[in-house]
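Chemist: If it helps, the file is called query_23.txt and holds compact mmCIF, C-alpha atoms:
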```
# COMPACT_ATOMS: atom_id res chain seq x y z
CA MET J 12 -15.62 27.23 -5.33
CA PHE J 13 -16.03 24.31 -2.94
CA LYS J 14 -19.47 23.53 -4.36
CA ALA J 15 -18.15 23.66 -7.94
CA ILE J 16 -15.39 21.18 -7.02
CA ARG J 17 -17.95 18.80 -5.49
CA ILE J 18 -20.12 18.95 -8.60
CA LEU J 19 -17.08 18.34 -10.83
CA PHE J 20 -15.97 15.22 -8.96
CA GLU J 21 -19.47 13.76 -8.56
CA LYS J 22 -20.61 14.26 -12.15
CA ASN J 23 -20.72 10.83 -13.81
CA ASN J 24 -22.82 9.09 -16.43
CA ASN J 25 -21.41 5.60 -15.90
CA ILE J 26 -20.15 4.95 -12.38
CA THR J 27 -18.93 1.39 -13.05
CA ARG J 28 -16.84 2.34 -16.07
CA SER J 29 -15.55 5.47 -14.39
CA SER J 30 -14.55 3.46 -11.30
CA TYR J 31 -12.37 1.17 -13.41
CA ILE J 32 -10.81 4.00 -15.40
CA TRP J 33 -10.08 6.26 -12.46
CA ASN J 34 -8.90 3.40 -10.30
CA CYS J 35 -6.35 2.54 -12.99
CA ILE J 36 -5.30 6.21 -13.22
CA ASN J 37 -4.98 6.31 -9.44
CA ALA J 38 -2.91 3.12 -9.52
CA VAL J 39 -0.54 4.59 -12.08
CA MET J 40 -0.20 7.84 -10.12
CA SER J 41 0.51 5.93 -6.91
CA ALA J 42 2.99 3.59 -8.59
CA CYS J 43 4.81 6.45 -10.32
CA GLN J 44 5.06 8.77 -7.32
CA CYS J 45 8.32 7.39 -5.93
CA PRO J 46 9.97 6.63 -9.32
CA VAL J 47 9.33 10.11 -10.70
CA ILE J 48 10.69 11.83 -7.60
CA MET J 49 13.69 9.46 -7.54
CA MET J 50 14.35 10.19 -11.20
CA VAL J 51 14.56 13.91 -10.50
CA ILE J 52 16.65 13.47 -7.34
CA THR J 53 19.29 11.33 -9.07
CA ARG J 54 19.70 13.97 -11.75
CA THR J 55 19.62 17.07 -9.53
CA ASN J 56 21.13 15.92 -6.23
CA GLY J 57 22.89 12.63 -6.97
CA VAL J 58 22.62 9.01 -5.85
CA GLY J 59 23.32 9.77 -2.18
CA ASP J 60 20.21 11.95 -1.72
CA ALA J 61 18.22 9.43 -3.77
CA GLY J 62 19.20 6.81 -1.19
CA VAL J 63 17.99 9.04 1.63
CA PHE J 64 14.63 9.59 -0.06
CA SER J 65 14.23 5.92 -0.94
CA ILE J 66 14.66 4.74 2.66
CA ALA J 67 12.41 7.60 3.83
CA PHE J 68 9.71 6.44 1.41
CA ALA J 69 10.17 2.80 2.48
CA VAL J 70 9.84 3.68 6.17
CA ALA J 71 6.84 5.94 5.46
CA SER J 72 5.14 3.16 3.48
CA LEU J 73 5.57 0.89 6.51
CA MET J 74 4.23 3.55 8.87
CA LEU J 75 1.27 4.05 6.52
CA TYR J 76 -0.02 0.66 7.62
CA VAL J 77 0.02 1.83 11.23
CA GLY J 78 -2.16 4.78 10.23
CA GLN J 79 -4.50 2.80 8.02
CA TYR J 80 -4.60 -0.14 10.45
CA GLY J 81 -5.12 -2.34 7.39
CA ILE J 82 -8.85 -1.72 7.63
CA ARG J 83 -9.66 -0.16 4.21
CA LYS J 84 -10.69 -3.37 2.47
CA PHE J 85 -12.57 -4.48 5.58
CA GLN J 86 -14.44 -1.17 5.58
CA ALA J 87 -15.19 -1.21 1.86
CA SER J 88 -16.54 -4.78 2.05
CA ASP J 89 -18.66 -4.02 5.16
CA ILE J 90 -21.73 -3.72 2.96
CA ASP J 91 -24.12 -4.48 5.84
CA GLU J 92 -22.45 -1.71 7.92
CA LYS J 93 -21.65 -3.76 10.98
CA PHE J 94 -19.65 -0.71 12.02
CA SER J 95 -20.67 2.89 11.32
CA PHE J 96 -18.47 5.43 9.59
CA GLY J 97 -18.20 7.28 12.90
CA GLU J 98 -16.50 4.22 14.37
CA TYR J 99 -14.16 3.81 11.39
CA HIS J 100 -13.38 7.53 11.50
CA SER J 101 -12.73 7.62 15.25
CA MET J 102 -10.41 4.64 14.98
CA ARG J 103 -8.52 6.28 12.10
CA VAL J 104 -7.88 9.43 14.13
CA ILE J 105 -6.44 7.24 16.88
CA THR J 106 -4.29 5.14 14.55
CA CYS J 107 -2.97 8.21 12.72
CA SER J 108 -1.95 9.67 16.08
CA VAL J 109 -0.15 6.43 16.89
CA MET J 110 1.49 6.61 13.46
CA VAL J 111 3.00 9.99 14.30
CA ILE J 112 4.45 8.67 17.56
CA VAL J 113 5.83 5.45 16.03
CA SER J 114 7.37 7.38 13.13
CA LEU J 115 9.17 9.66 15.54
CA MET J 116 10.40 6.65 17.55
CA TYR J 117 11.74 5.02 14.38
CA CYS J 118 13.62 8.17 13.41
CA ILE J 119 15.17 8.39 16.88
CA TYR J 120 16.22 4.76 16.51
CA GLY J 121 17.77 5.59 13.13
CA MET J 122 19.74 8.46 14.61
CA VAL J 123 21.03 6.36 17.53
CA PHE J 124 21.77 3.05 15.80
CA ASN J 125 22.03 3.83 12.05
CA ASP J 126 23.89 7.15 12.29
CA TYR J 127 21.14 9.27 10.74
CA SER J 128 22.19 12.89 10.29
CA LYS J 129 19.80 15.58 11.57
CA GLU J 130 18.69 16.30 8.01
CA LYS J 131 18.03 12.63 7.27
CA PHE J 132 16.14 12.32 10.57
CA ILE J 133 13.86 15.24 9.64
CA ILE J 134 13.33 14.12 6.03
CA VAL J 135 12.37 10.56 7.03
CA PHE J 136 9.93 11.89 9.64
CA LEU J 137 8.36 14.42 7.24
CA VAL J 138 7.85 11.82 4.51
CA CYS J 139 6.11 9.70 7.17
CA MET J 140 3.84 12.68 7.89
CA LEU J 141 3.09 12.93 4.17
CA LYS J 142 1.88 9.35 4.32
CA CYS J 143 -0.10 10.20 7.46
CA ILE J 144 -2.20 12.56 5.33
CA GLN J 145 -2.85 9.65 2.97
CA ALA J 146 -3.76 7.40 5.90
CA TYR J 147 -6.41 9.84 7.12
CA ALA J 148 -7.85 10.48 3.65
CA ASP J 149 -8.12 6.72 3.14
CA VAL J 150 -10.96 6.29 5.66
CA ILE J 151 -13.07 8.82 3.75
CA HIS J 152 -12.22 7.14 0.45
CA GLY J 153 -13.26 3.85 2.02
CA ARG J 154 -16.64 5.35 2.85
CA MET J 155 -17.08 6.52 -0.74
CA GLN J 156 -16.26 3.04 -2.01
CA GLN J 157 -18.61 1.47 0.53
CA LYS J 158 -21.37 3.69 -0.88
CA GLY J 159 -20.62 2.63 -4.45
CA ARG J 160 -18.55 5.68 -5.46
CA LEU J 161 -15.06 4.28 -5.87
CA ASP J 162 -14.80 6.58 -8.90
CA ILE J 163 -14.85 9.67 -6.67
CA ALA J 164 -12.38 8.16 -4.19
CA ALA J 165 -10.01 7.32 -7.03
CA LYS J 166 -10.34 10.78 -8.61
CA VAL J 167 -9.53 12.74 -5.46
CA SER J 168 -6.69 10.37 -4.60
CA ALA J 169 -5.16 10.65 -8.08
CA VAL J 170 -5.35 14.44 -7.94
CA ARG J 171 -3.57 14.47 -4.59
CA TYR J 172 -0.80 12.15 -5.86
CA ALA J 173 -0.29 14.36 -8.92
CA ALA J 174 -0.18 17.54 -6.83
CA GLU J 175 2.32 16.02 -4.40
CA VAL J 176 4.66 14.91 -7.18
CA ALA J 177 4.41 18.27 -8.94
CA ALA J 178 5.14 20.17 -5.72
CA TYR J 179 8.12 17.97 -4.85
CA VAL J 180 9.66 18.01 -8.31
CA ILE J 181 9.22 21.74 -8.96
CA THR J 182 10.60 22.71 -5.55
CA LEU J 183 13.50 20.26 -5.91
CA VAL J 184 14.48 21.61 -9.33
CA ILE J 185 14.43 25.17 -7.98
CA THR J 186 16.16 24.59 -4.63
CA ASN J 187 18.04 21.24 -4.92
CA ASP J 188 17.03 20.77 -1.28
CA LEU J 189 15.27 17.58 -0.12
CA LEU J 190 14.06 19.12 3.14
CA ILE J 191 12.46 22.20 1.57
CA SER J 192 10.91 20.04 -1.18
CA THR J 193 9.38 17.67 1.37
CA ILE J 194 7.88 20.55 3.35
CA ALA J 195 6.42 22.07 0.17
CA CYS J 196 4.94 18.69 -0.75
CA ILE J 197 3.23 18.37 2.64
CA VAL J 198 1.73 21.88 2.41
CA VAL J 199 0.31 21.17 -1.04
CA SER J 200 -1.00 17.76 0.06
CA ILE J 201 -2.93 19.29 2.97
CA ALA J 202 -4.40 21.97 0.70
CA VAL J 203 -5.55 19.38 -1.85
CA LEU J 204 -6.96 17.19 0.95
CA ILE J 205 -9.16 20.09 2.10
CA LEU J 206 -10.29 21.05 -1.39
CA THR J 207 -11.06 17.52 -2.60
CA THR J 208 -11.38 14.68 -0.09
CA LEU J 209 -12.82 16.65 2.84
CA ASN J 210 -14.92 18.85 0.57
CA VAL J 211 -16.51 16.04 -1.48
CA GLY J 212 -16.60 13.68 1.49
CA ARG J 213 -19.16 15.87 3.25
CA ASN J 214 -21.82 14.39 0.97
CA TYR J 215 -21.10 10.86 2.23
CA CYS J 216 -20.24 11.18 5.90
CA SER J 217 -19.96 13.40 8.95
CA PHE J 218 -16.51 14.16 10.32
CA LYS J 219 -17.68 14.63 13.90
CA LEU J 220 -16.04 12.23 16.33
CA ARG J 221 -18.78 10.18 17.96
CA ILE J 222 -16.93 7.53 19.91
CA ASN J 223 -18.75 4.39 21.01
CA TRP J 224 -15.97 2.83 23.06
CA TRP J 225 -17.52 -0.65 22.98
CA LYS J 226 -17.90 -0.72 19.20
CA LEU J 227 -14.50 0.93 18.78
CA LYS J 228 -12.92 -1.79 20.90
CA GLN J 229 -14.67 -4.44 18.78
CA LEU J 230 -13.42 -2.86 15.58
CA ILE J 231 -9.86 -2.58 16.85
CA LEU J 232 -9.82 -6.19 18.04
CA GLU J 233 -11.42 -7.52 14.85
CA GLY J 234 -9.00 -5.58 12.67
CA PHE J 235 -5.88 -6.31 14.72
CA PRO J 236 -4.86 -9.57 12.97
CA LEU J 237 -5.37 -7.87 9.62
CA PHE J 238 -3.33 -4.84 10.66
CA VAL J 239 -0.45 -6.97 11.93
CA SER J 240 -0.56 -9.09 8.76
CA LEU J 241 -0.44 -6.13 6.38
CA PHE J 242 2.15 -4.36 8.49
CA LEU J 243 4.33 -7.47 8.40
CA ASN J 244 3.66 -7.79 4.66
CA MET J 245 5.14 -4.33 4.12
CA TYR J 246 8.01 -5.14 6.49
CA ILE J 247 8.79 -8.33 4.58
CA GLY J 248 8.84 -6.46 1.28
CA ASN J 249 11.10 -3.75 2.67
CA ALA J 250 13.32 -5.95 4.88
CA PRO J 251 16.20 -5.83 2.35
CA LYS J 252 16.02 -2.02 2.34
CA TYR J 253 16.21 -1.85 6.12
CA ALA J 254 19.19 -4.22 6.09
CA ILE J 255 20.94 -2.08 3.47
CA ASP J 256 20.18 1.01 5.57
CA SER J 257 21.87 -0.66 8.57
CA TYR J 258 24.91 -2.26 6.90
CA LEU J 259 25.60 -0.57 3.55
CA THR J 260 25.55 2.95 2.08
CA ASP J 261 22.92 5.41 0.84
CA GLU J 262 24.36 4.98 -2.68
CA ILE J 263 23.77 1.20 -2.61
CA GLN J 264 20.33 1.86 -1.14
CA ALA J 265 19.53 4.07 -4.13
CA VAL J 266 20.73 1.44 -6.65
CA TYR J 267 18.66 -1.31 -5.01
CA ASN J 268 15.57 0.89 -5.02
CA LEU J 269 16.03 1.80 -8.67
CA VAL J 270 16.28 -1.88 -9.59
CA PHE J 271 13.39 -2.72 -7.25
CA MET J 272 11.10 -0.02 -8.68
CA PRO J 273 9.60 -1.99 -11.62
CA ALA J 274 8.77 -4.97 -9.38
CA PHE J 275 7.04 -2.69 -6.88
CA MET J 276 4.98 -1.15 -9.66
CA VAL J 277 3.93 -4.60 -10.95
CA GLY J 278 2.69 -5.56 -7.50
CA LEU J 279 0.90 -2.27 -7.00
CA LEU J 280 -0.80 -2.25 -10.39
CA ALA J 281 -1.99 -5.85 -10.00
CA ASN J 282 -3.46 -4.98 -6.62
CA PHE J 283 -5.27 -1.88 -7.90
CA ILE J 284 -6.83 -3.82 -10.76
CA PHE J 285 -8.56 -5.93 -8.12
CA ASN J 286 -9.77 -2.94 -6.07
CA PRO J 287 -12.87 -1.99 -8.15
CA ILE J 288 -14.41 -5.45 -7.77
CA LEU J 289 -13.82 -5.74 -4.04
CA THR J 290 -17.47 -5.35 -3.03
CA SER J 291 -18.61 -7.80 -5.73
CA TYR J 292 -16.36 -10.49 -4.24
CA ALA J 293 -17.98 -9.87 -0.86
CA ARG J 294 -21.48 -10.26 -2.31
CA VAL J 295 -20.60 -13.49 -4.14
CA TRP J 296 -19.16 -14.94 -0.93
CA LEU J 297 -22.15 -13.89 1.19
CA ASP J 298 -24.47 -15.49 -1.38
CA ASN J 299 -22.57 -18.81 -1.01
CA GLN J 300 -21.67 -18.88 -4.72
CA PHE J 301 -18.48 -20.82 -4.07
CA LYS J 302 -17.93 -22.05 -7.62
CA ARG J 303 -18.18 -18.53 -9.00
CA PHE J 304 -16.00 -17.24 -6.17
CA ARG J 305 -13.26 -19.72 -7.05
CA LYS J 306 -13.48 -18.75 -10.73
CA LEU J 307 -13.05 -15.08 -9.80
CA ILE J 308 -9.92 -15.97 -7.86
CA TYR J 309 -8.41 -17.98 -10.72
CA LYS J 310 -9.26 -15.19 -13.17
CA GLN J 311 -7.42 -12.61 -11.05
CA CYS J 312 -4.47 -14.99 -10.66
CA ALA J 313 -4.27 -15.19 -14.44
CA VAL J 314 -4.24 -11.38 -14.66
CA ILE J 315 -1.40 -11.18 -12.13
CA LEU J 316 0.52 -13.89 -13.99
CA VAL J 317 0.21 -12.05 -17.31
CA ILE J 318 1.33 -8.75 -15.76
CA THR J 319 4.29 -10.45 -14.09
CA ALA J 320 5.34 -12.26 -17.28
CA ALA J 321 5.12 -9.04 -19.27
CA GLY J 322 7.17 -7.22 -16.65
CA LEU J 323 9.79 -9.97 -16.62
CA ALA J 324 10.05 -9.91 -20.42
CA VAL J 325 10.62 -6.15 -20.39
CA ALA J 326 13.15 -6.48 -17.57
CA PHE J 327 15.13 -9.15 -19.43
CA THR J 328 15.24 -7.29 -22.74
CA ILE J 329 15.27 -3.51 -22.30
CA GLY J 330 14.82 -3.14 -18.53
CA ILE J 331 18.34 -2.14 -17.53
CA PRO J 332 19.04 0.24 -20.45
CA LEU J 333 15.65 1.87 -19.89
CA LEU J 334 16.18 2.30 -16.15
CA SER J 335 19.68 3.68 -16.73
CA ILE J 336 18.35 6.28 -19.17
CA VAL J 337 15.36 7.25 -17.00
CA PHE J 338 17.29 7.66 -13.75
CA GLY J 339 20.63 8.74 -15.19
CA VAL J 340 22.51 6.01 -13.30
CA ASP J 341 24.59 3.22 -14.86
CA LEU J 342 22.84 -0.03 -13.87
CA HIS J 343 24.29 -2.44 -16.47
CA LEU J 344 25.75 -4.70 -13.76
CA TYR J 345 22.33 -5.44 -12.26
CA LYS J 346 20.34 -7.23 -14.98
CA ALA J 347 20.19 -10.53 -13.08
CA GLU J 348 19.10 -8.76 -9.90
CA LEU J 349 16.32 -6.95 -11.80
CA CYS J 350 14.94 -10.20 -13.23
CA VAL J 351 15.01 -11.93 -9.83
CA ILE J 352 13.22 -9.01 -8.19
CA MET J 353 10.58 -8.92 -10.95
CA VAL J 354 9.61 -12.48 -10.06
CA GLY J 355 9.39 -11.35 -6.45
CA GLY J 356 7.12 -8.48 -7.48
CA GLY J 357 4.72 -10.95 -9.04
CA MET J 358 4.76 -13.02 -5.86
CA LEU J 359 4.01 -9.85 -3.88
CA ALA J 360 0.96 -9.27 -6.07
CA PHE J 361 -0.25 -12.83 -5.43
CA ALA J 362 0.31 -12.50 -1.68
CA THR J 363 -1.55 -9.17 -1.52
CA PHE J 364 -4.44 -10.57 -3.53
CA PHE J 365 -4.78 -13.71 -1.44
CA SER J 366 -4.63 -11.73 1.81
CA THR J 367 -7.33 -9.39 0.47
CA VAL J 368 -9.64 -12.29 -0.36
CA LEU J 369 -9.02 -13.84 3.06
CA THR J 370 -10.00 -10.48 4.55
CA ILE J 371 -13.25 -10.43 2.58
CA ILE J 372 -14.18 -13.87 3.92
CA ARG J 373 -13.11 -12.76 7.41
CA MET J 374 -10.13 -15.08 7.83
CA GLN J 375 -7.80 -12.56 9.43
CA ASN J 376 -6.29 -14.81 12.10
CA PRO J 377 -4.49 -17.22 9.74
CA LEU J 378 -2.99 -14.18 8.01
CA PHE J 379 -1.32 -13.23 11.26
CA VAL J 380 0.37 -16.64 11.51
CA CYS J 381 1.58 -16.70 7.89
CA TYR J 382 2.99 -13.19 7.93
CA GLY J 383 4.51 -13.72 11.36
CA VAL J 384 6.47 -16.77 10.23
CA VAL J 385 7.77 -15.13 7.06
CA ALA J 386 8.57 -11.85 8.82
CA ALA J 387 10.61 -13.74 11.42
CA ALA J 388 12.54 -15.40 8.59
CA ALA J 389 13.11 -12.00 6.98
CA LYS J 390 14.43 -10.55 10.23
CA LEU J 391 16.82 -13.47 10.76
CA ALA J 392 18.12 -13.67 7.19
CA SER J 393 18.16 -10.09 5.88
CA GLY J 394 21.36 -8.93 7.59
CA TYR J 395 23.35 -12.00 6.53
CA MET J 396 22.10 -12.00 2.93
CA VAL J 397 22.78 -8.29 2.41
CA GLN J 398 26.19 -8.31 4.08
CA SER J 399 27.30 -11.49 2.25
CA TYR J 400 25.82 -11.00 -1.23
CA GLY J 401 24.91 -7.33 -1.50
CA ILE J 402 22.10 -6.38 -3.87
CA MET J 403 21.77 -9.90 -5.29
CA GLY J 404 21.37 -11.25 -1.76
CA ALA J 405 18.61 -8.73 -1.12
CA ALA J 406 16.87 -9.63 -4.39
CA VAL J 407 17.00 -13.40 -3.81
CA MET J 408 15.81 -13.10 -0.22
CA TYR J 409 12.90 -10.85 -1.24
CA THR J 410 11.75 -13.26 -3.97
CA ILE J 411 11.99 -16.38 -1.79
CA LEU J 412 10.07 -14.74 1.05
CA MET J 413 7.26 -13.57 -1.23
CA THR J 414 7.01 -16.96 -2.93
CA VAL J 415 6.71 -18.84 0.36
CA LEU J 416 4.14 -16.35 1.63
CA SER J 417 2.01 -16.63 -1.53
CA ILE J 418 1.95 -20.42 -1.35
CA MET J 419 0.94 -20.43 2.31
CA LEU J 420 -1.91 -17.95 1.76
CA PHE J 421 -3.19 -19.79 -1.33
CA ILE J 422 -3.36 -23.09 0.54
CA ILE J 423 -5.36 -21.52 3.38
CA LEU J 424 -7.73 -19.79 0.92
CA ILE J 425 -8.53 -22.96 -1.03
CA TRP J 426 -8.99 -24.91 2.21
CA LYS J 427 -11.47 -22.32 3.50
CA ILE J 428 -13.53 -22.31 0.30
CA ARG J 429 -13.77 -26.11 0.29
CA LYS J 430 -14.68 -26.18 3.98
CA GLU J 431 -17.49 -23.65 3.52
CA LYS J 432 -18.77 -25.43 0.42
CA ASP J 433 -18.85 -28.80 2.21
CA GLY J 434 -20.54 -27.20 5.22
CA ILE J 435 -23.32 -25.74 3.06
CA ALA J 436 -23.78 -29.09 1.30
CA VAL J 437 -24.17 -30.92 4.61
CA ARG J 438 -26.72 -28.42 5.92
```
Could I get this file's structure written as structure tokens?

Modeler:
Amino acid sequence: MFKAIRILFEKNNNITRSSYIWNCINAVMSACQCPVIMMVITRTNGVGDAGVFSIAFAVASLMLYVGQYGIRKFQASDIDEKFSFGEYHSMRVITCSVMVIVSLMYCIYGMVFNDYSKEKFIIVFLVCMLKCIQAYADVIHGRMQQKGRLDIAAKVSAVRYAAEVAAYVITLVITNDLLISTIACIVVSIAVLILTTLNVGRNYCSFKLRINWWKLKQLILEGFPLFVSLFLNMYIGNAPKYAIDSYLTDEIQAVYNLVFMPAFMVGLLANFIFNPILTSYARVWLDNQFKRFRKLIYKQCAVILVITAAGLAVAFTIGIPLLSIVFGVDLHLYKAELCVIMVGGGMLAFATFFSTVLTIIRMQNPLFVCYGVVAAAAKLASGYMVQSYGIMGAAVMYTILMTVLSIMLFIILIWKIRKEKDGIAVR
């Protein structure tokens, strides 16, 4: 059976085309995971439980960056293999272990300072563990992409997303219990990980831990600015949710997340569209084709702009009625908030894209500064904006933060390209 599964996933007549198609499918599955589960929760358990799941998913998404250490794009673009897979794999085992500890610490903090119930404590922690599975699988997917088989990585990832959603939804409909549903989802996720990612991954890498402490230290130090930047990026995007979790109710948390959902999906889809051409950007940069590199950037910016404009048009016209029907919650008072957040979603897509390109050209340190400044602003302003203006305050703050971040990253990127181009011309 294991061999048949490997053959099924590896069979391909056109790897490039399949990579694009399956990457898009994977993007859709990833973007729809939270909305689909939220849709079922609001109808079976109510808005209160939806709020619990939404903050659990937000916290888990933040913890995911601890597990991944922000190194996936660095690994995939390491086409000269400066670091071996054994080093990437060893580091991922360490960071996933740290993720478990940090997740537990966050949940304890939530119980002490945010009045988490025991059930909410356990659910938030278990959803973090679900993301820990994703964090570990990601290093193997990165190896597949590095070896030119993004199509396989996207296939196995999409299958796992689909299985997780199916397990959660079916169990929730039967039991109406968030805790039991989360446990069932984790069990299914582990089973699918073994059957797909670990099974197929054997053809591309060895899972034995061979730790070279010197190289591991180099990798950790080189990836640290990138990790902090991406971690802060997720924190900035979720800062309004954390403020709502501290000062408002689970019901308001659920409403904000329902309104926020389309913007999150816009940002995620725009980012996944870029993923298949990651290694090609690296090659263009290494070949000093700066004019072509700049054109690729502008082309992707145009794609993000079109996606954002389309999303905003839908939000302004049928967005609120559609969301109200899908989730079974009356959202007619939040049209303005939805439109503001959609703009912020587009800015998130720009920020993620620019940070990815800066990673490819190995400009991690400036990322740390930009994200640090904006994250500090988010920390200082989130409580006041949410307490004073509610959901609209959260929406406005999110959009302003993402806009400022995008502008800062774009300026640094253009400056770096011009500097490298002038340096080559002088030499």

Chemist: Could you tell me which of J:Ala324, J:Val368, J:Ile151, J:Met396 comes closest to Gln311 (chain J) if we count all atoms listed in the file?

Modeler: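 Of J:Ala324, J:Val368, J:Ile151, J:Met396, the one nearest Gln311 (chain J), counting all atoms listed in the file, is J:Val368.
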
Chemist: Would you kindly return, as an MDAnalysis selection string, each protein, DNA or RNA residue with an atom no farther than 12 Å from any atom of Ile201 (chain J), considering all atoms listed in the file and excluding same-chain residues fewer than 6 positions away?

Modeler: chainID J and resid 140:145 147:148 171:172 174:175 178 194:195 207:209

Chemist: If we count only C-alpha atoms, what is near Val415 (chain J) at a cut-off of 10 Å, once residues fewer than 6 positions away on the same chain are taken out, given as JSON, numbers by chain?

Modeler: {"J": [358, 362, 381, 385]}

Chemist: Name the residues in contact with Asn37 (chain J) at a cut-off of 7 Å, using all atoms listed in the file, excluding same-chain residues fewer than 5 positions from it; report them as a list in words.

Modeler: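 Counting only the stated atoms, we get Ala165, Ser168 and Ala169 of chain J.
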
Chemist: Report as a PyMOL selection string all protein, DNA and RNA residues lying within 12 Å of Ile119 (chain J), evaluated on all atoms listed in the file, omitting residues in the same chain fewer than 6 positions from it.

Modeler: chain J and resi 112-113+125-129+131-133+135-136

Chemist: Just the number, please: distance in Å from CA of Ile331 (chain J) to CA of Tyr345 (chain J), one decimal.

Modeler: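 About the pair CA of Ile331 (chain J) and CA of Tyr345 (chain J): they are 7.4 Å apart.
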
Chemist: Just to confirm, what's the straight-line distance from CA of Asn214 (chain J) to CA of Val167 (chain J) in Å (one decimal)?

Modeler: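 These atoms are spaced 14.0 Å apart.
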
Chemist: Report the distance between CA of Met102 (chain J) and CA of Arg373 (chain J) in Å, rounded to one decimal place.

Modeler: 19.2 Å

Chemist: If we count all atoms listed in the file, what is near region 16-22 of chain J at a cut-off of 9 Å, once residues fewer than 6 positions away on the same chain are taken out, given as a list in words?

Modeler: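 Everything that qualifies: Arg160, Asp162, Ile163, Lys166, Val167, Leu206, Thr207, Asn210, Val211, Gly212 and Asn214 of chain J.
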
Chemist: Kindly provide, as JSON, the centre and edge lengths (Å, one decimal) of an axis-aligned box around all atoms of region 51-68 of chain J given in the file, with 4 Å on each side.

Modeler:
```
{"center_x": 16.5, "center_y": 10.9, "center_z": -4.0, "size_x": 21.6, "size_y": 20.3, "size_z": 23.6}
```

Chemist: Restricting the calculation to all atoms listed in the file, which member of J:Val176, J:Ile185, J:Ala146, J:Ala15 is positioned closest to Gln44 (chain J)?

Modeler: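 Of J:Val176, J:Ile185, J:Ala146, J:Ala15, the one nearest Gln44 (chain J), counting all atoms listed in the file, is J:Val176.
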
Chemist: Under the rule that all atoms listed in the file are counted, which of J:Ala347, J:Ile372, J:Ile134, J:Ala38 is the nearest residue to Ser65 (chain J)?

Modeler: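 Ranking J:Ala347, J:Ile372, J:Ile134, J:Ala38 by distance to Ser65 (chain J), first place goes to J:Ile134.
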
Chemist: Would you please work out which residue, of J:Val397, J:Leu342, J:Leu307, J:Val351, is nearest to Phe327 (chain J) when using all atoms listed in the file?

Modeler: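 Checking each of J:Val397, J:Leu342, J:Leu307, J:Val351 against Phe327 (chain J), counting all atoms listed in the file, the winner is J:Val351.
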
Chemist: Restricting the calculation to only C-alpha atoms: of J:Gly234, J:Ile255, J:Ile402, J:Ile315, which residue gets closest to Leu378 (chain J)?

Modeler: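 Between J:Gly234, J:Ile255, J:Ile402, J:Ile315, the residue approaching Leu378 (chain J) most closely is J:Gly234.
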
Chemist: When you count all atoms listed in the file, which of these residues is closest to Val170 (chain J): J:Val138, J:Leu232, J:Val150, J:Val199?

Modeler: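 Ranked by minimum distance to Val170 (chain J), first place goes to J:Val199.
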